[in-house]
Every structure is written in C-alpha cells, then in structure tokens.
file structure24.csv (CSV, C-alpha atoms)
chain,number,residue,atom,x,y,z
A,8,MET,CA,122.0,101.2,110.9
A,9,ILE,CA,122.6,104.5,109.1
A,10,ASN,CA,119.2,104.2,107.4
A,11,PHE,CA,117.5,103.8,110.8
A,12,LEU,CA,119.2,107.0,112.1
A,13,ALA,CA,118.2,108.8,108.9
A,14,VAL,CA,114.5,107.8,109.3
A,15,GLY,CA,114.6,108.8,113.0
A,16,ALA,CA,116.1,112.2,112.3
A,17,GLY,CA,113.8,112.8,109.4
A,18,GLY,CA,110.8,111.8,111.5
A,19,PHE,CA,111.8,114.2,114.2
A,20,VAL,CA,112.0,117.1,111.8
A,21,GLY,CA,108.8,116.1,110.0
A,22,ALA,CA,106.8,115.8,113.2
A,23,ALA,CA,108.1,119.1,114.4
A,24,LEU,CA,107.2,120.8,111.1
A,25,ARG,CA,103.7,119.3,111.2
A,26,TYR,CA,103.2,120.6,114.7
A,27,GLY,CA,104.5,124.1,113.6
A,28,VAL,CA,102.3,124.3,110.6
A,29,CYS,CA,99.2,123.2,112.5
A,30,LEU,CA,100.1,125.7,115.3
A,31,PHE,CA,100.5,128.5,112.8
A,32,MET,CA,97.2,127.7,111.1
A,33,VAL,CA,95.3,127.8,114.4
A,34,SER,CA,97.1,130.7,116.1
A,35,ARG,CA,98.0,133.0,113.2
A,36,ALA,CA,95.4,132.2,110.5
A,37,GLY,CA,92.6,131.6,113.0
A,38,LEU,CA,91.6,128.3,111.3
A,39,HIS,CA,90.5,125.0,112.9
A,40,ASN,CA,93.3,122.5,113.4
A,41,ALA,CA,91.7,120.3,110.7
A,42,TRP,CA,92.8,122.8,108.1
A,43,GLY,CA,96.4,122.6,109.3
A,44,THR,CA,96.2,118.8,108.9
A,45,PHE,CA,94.6,119.1,105.5
A,46,PHE,CA,97.4,121.4,104.3
A,47,VAL,CA,100.1,119.1,105.8
A,48,ASN,CA,98.5,116.1,104.0
A,49,PHE,CA,98.2,117.9,100.7
A,50,PHE,CA,101.7,119.4,100.8
A,51,GLY,CA,103.2,116.1,102.0
A,52,CYS,CA,101.5,114.2,99.2
A,53,LEU,CA,102.7,116.7,96.7
A,54,LEU,CA,106.3,116.4,97.9
A,55,ILE,CA,106.3,112.6,98.2
A,56,GLY,CA,105.0,112.4,94.6
A,57,PHE,CA,107.8,114.7,93.4
A,58,LEU,CA,110.5,112.8,95.3
A,59,ALA,CA,109.2,109.4,94.2
A,60,GLY,CA,110.5,110.3,90.8
A,61,PHE,CA,114.1,110.6,91.9
A,62,GLU,CA,116.6,107.8,91.9
A,63,PHE,CA,118.6,107.9,95.1
A,64,LYS,CA,121.3,105.5,93.8
A,65,ASN,CA,124.3,106.3,96.0
A,66,ILE,CA,122.5,108.3,98.7
A,67,GLN,CA,120.0,105.8,100.2
A,68,PRO,CA,120.2,107.4,103.7
A,69,PHE,CA,119.1,110.7,102.2
A,70,LYS,CA,116.1,108.9,100.6
A,71,TYR,CA,115.1,107.4,103.9
A,72,PHE,CA,115.6,110.7,105.6
A,73,LEU,CA,113.4,112.6,103.2
A,74,ILE,CA,110.7,110.1,102.2
A,75,THR,CA,110.3,107.7,105.1
A,76,GLY,CA,111.4,110.0,107.9
A,77,LEU,CA,110.7,113.6,107.1
A,78,LEU,CA,107.5,113.1,105.0
A,79,GLY,CA,106.4,110.1,107.1
A,80,GLY,CA,106.7,112.2,110.2
A,81,PHE,CA,105.2,115.2,108.5
A,82,THR,CA,102.2,113.2,107.2
A,83,THR,CA,101.6,109.5,107.1
A,84,PHE,CA,98.9,110.2,104.5
A,85,SER,CA,101.6,110.8,102.0
A,86,ALA,CA,103.0,107.2,102.5
A,87,PHE,CA,99.4,105.9,102.2
A,88,SER,CA,98.9,107.8,99.0
A,89,LEU,CA,102.2,106.7,97.5
A,90,ASP,CA,101.4,103.1,98.3
A,91,ALA,CA,98.0,103.4,96.6
A,92,LEU,CA,99.5,105.0,93.5
A,93,MET,CA,102.1,102.3,93.2
A,94,LEU,CA,99.4,99.6,93.3
A,95,LEU,CA,97.6,101.5,90.5
A,96,LYS,CA,100.8,101.9,88.5
A,97,ASP,CA,101.4,98.2,88.8
A,98,GLY,CA,97.9,97.6,87.3
A,99,GLN,CA,96.5,96.3,90.5
A,100,THR,CA,93.4,98.5,90.4
A,101,LEU,CA,91.1,96.2,92.6
A,102,LYS,CA,93.8,95.9,95.3
A,103,ALA,CA,94.3,99.7,95.2
A,104,VAL,CA,90.6,100.4,95.6
A,105,LEU,CA,90.3,97.8,98.4
A,106,TYR,CA,93.4,99.3,100.1
A,107,ILE,CA,92.1,102.9,99.9
A,108,LEU,CA,88.6,102.1,101.0
A,109,GLY,CA,89.8,99.6,103.6
A,110,THR,CA,92.3,102.0,105.1
A,111,LEU,CA,89.8,104.8,105.3
A,112,ILE,CA,87.0,102.7,106.8
A,113,VAL,CA,89.1,100.6,109.1
A,114,CYS,CA,91.2,103.6,110.4
A,115,ILE,CA,88.2,105.9,111.0
A,116,SER,CA,86.4,103.0,112.7
A,117,ALA,CA,89.5,102.4,114.8
A,118,VAL,CA,89.6,106.0,115.9
A,119,PHE,CA,85.9,105.9,116.8
A,120,ALA,CA,86.4,102.6,118.7
A,121,GLY,CA,89.4,104.0,120.6
A,122,PHE,CA,87.5,107.2,121.4
A,123,SER,CA,84.5,105.2,122.5
A,124,ALA,CA,86.6,102.9,124.7
A,125,PHE,CA,88.2,106.0,126.4
A,126,LYS,CA,84.7,107.4,127.1
A,127,ILE,CA,83.7,104.0,128.7
A,128,VAL,CA,86.9,103.7,130.8
A,129,ASN,CA,86.9,107.3,131.8
call {"tool": "encode", "arguments": {"input": "structure24.csv", "output": "structure tokens"}}
result
Amino acid sequence: MINFLAVGAGGFVGAALRYGVCLFMVSRAGLHNAWGTFFVNFFGCLLIGFLAGFEFKNIQPFKYFLITGLLGGFTTFSAFSLDALMLLKDGQTLKAVLYILGTLIVCISAVFAGFSAFKIVN
C-alpha cells in the first residue's frame, strides 16, 4: 500500500511540475507549449536514465515516488524511453525497434482518431 501512496504523491508533484514548466515556457519565455513539452520530455528522460542506475534496496517507496510517480507524472516519455533502453540492453533489438515505432505510430494515430471523433461528435 505504501508504494501506491508513493506513486500517487510523486505523480501529483510531477504533473504539477510539468504544468509549471510548460506555463513558464509559454508565459515567460514566449515559446509555444510544444517547447515546454519537449524540455519536460528531455529533462525527464535525462533524470530517469540517471536514477535507473541506482539500487533502491531498502527504500523501494522512494524509488516508486521518484521514478514511477514523479517522473511518470512529469513525463510518460521517460518511462517509454527507459522501457525501450531496457529492451536494447537485454539484446532484444527487434522488439525494441517494434516497440518504439509501434508506440509512436499507434499513439499519434490514436490522438488523431480521438481528435477526429471529437470533431464528428461536436
């Protein structure tokens, strides 16, 4: 149960940070929201790569707070990238390539389909 609470708390903090970074990029830096998302994805991927090297032996809730919660809430792209890297590290190159291409193609298509469905319904 403690791990669920850690993930939830981290997710709250990560999502709030993502919103703050994107808001800052738009209102203060005058950039399009996409650049805020780009920065969040880059920084989240950098952090998850760094933290993936740690062994959280006796502090599992902290691991779930940081990696699954905070970085998952900050950017799900970091989780996607870590999963792809783990497939590559395990020597499953074909699965990694299929996972990467499949995720990008399917998810962008799903966003397009959802957007199109909204236009039809609305």
call {"tool": "closest_residue", "arguments": {"input": "structure24.csv", "among": "A:Val28, A:Val128, A:Met8, A:Ile112", "to": "Asn40 (chain A)", "atoms": "only C-alpha atoms"}}
result
A:Val28
call {"tool": "axis_aligned_box", "arguments": {"input": "structure24.csv", "around": "region 75-94 of chain A", "padding_each_side": "3 Å", "output": "JSON"}}
result
{"center_x": 104.7, "center_y": 107.4, "center_z": 101.7, "size_x": 19.4, "size_y": 21.6, "size_z": 23.0}
call {"tool": "atom_distance", "arguments": {"input": "structure24.csv", "atom1": "CA of Ala16 (chain A)", "atom2": "CA of Leu73 (chain A)"}}
result
9.5 Å
call {"tool": "closest_residue", "arguments": {"input": "structure24.csv", "among": "A:Tyr26, A:Tyr106, A:Leu54, A:Leu92", "to": "Thr75 (chain A)", "atoms": "all atoms listed in the file"}}
result
A:Leu54
call {"tool": "residues_around", "arguments": {"input": "structure24.csv", "residues": "Phe46 (chain A)", "least_positions_apart": "5", "cutoff": "9 Å", "atoms": "all atoms listed in the file", "output": "list in words"}}
result
Val28, Cys29, Ala41 and Gly51 of chain A
call {"tool": "residues_around", "arguments": {"input": "structure24.csv", "residues": "Gly79 (chain A)", "least_positions_apart": "2", "cutoff": "10 Å", "atoms": "all atoms listed in the file", "output": "list of chain:residue names"}}
result
A:Val14, A:Gly17, A:Gly18, A:Phe19, A:Gly21, A:Ala22, A:Gly51, A:Ile55, A:Tyr71, A:Phe72, A:Leu73, A:Ile74, A:Thr75, A:Gly76, A:Leu77, A:Phe81, A:Thr82, A:Thr83, A:Phe84, A:Ser85, A:Ala86, A:Phe87
call {"tool": "atom_distance", "arguments": {"input": "structure24.csv", "atom1": "CA of Val118 (chain A)", "atom2": "CA of Phe45 (chain A)"}}
result
17.5 Å
call {"tool": "residues_around", "arguments": {"input": "structure24.csv", "residues": "Phe31 (chain A)", "least_positions_apart": "6", "cutoff": "12 Å", "atoms": "only C-alpha atoms", "output": "PDB file with C-alpha atoms, in the coordinates of the input"}}
result
ATOM      1  CA  LEU A  24     107.200 120.800 111.100  1.00  0.00           C
ATOM      2  CA  ARG A  25     103.700 119.300 111.200  1.00  0.00           C
ATOM      3  CA  GLY A  37      92.600 131.600 113.000  1.00  0.00           C
ATOM      4  CA  LEU A  38      91.600 128.300 111.300  1.00  0.00           C
ATOM      5  CA  HIS A  39      90.500 125.000 112.900  1.00  0.00           C
ATOM      6  CA  ASN A  40      93.300 122.500 113.400  1.00  0.00           C
ATOM      7  CA  TRP A  42      92.800 122.800 108.100  1.00  0.00           C
ATOM      8  CA  GLY A  43      96.400 122.600 109.300  1.00  0.00           C
ATOM      9  CA  THR A  44      96.200 118.800 108.900  1.00  0.00           C
ATOM     10  CA  PHE A  46      97.400 121.400 104.300  1.00  0.00           C
ATOM     11  CA  VAL A  47     100.100 119.100 105.800  1.00  0.00           C
TER      12      VAL A  47
END
call {"tool": "atom_distance", "arguments": {"input": "structure24.csv", "atom1": "CA of Ala120 (chain A)", "atom2": "CA of Leu94 (chain A)"}}
result
28.7 Å
call {"tool": "closest_residue", "arguments": {"input": "structure24.csv", "among": "A:Ile107, A:Phe61, A:Gln67, A:Gly27", "to": "Asp90 (chain A)", "atoms": "all atoms listed in the file"}}
result
A:Ile107
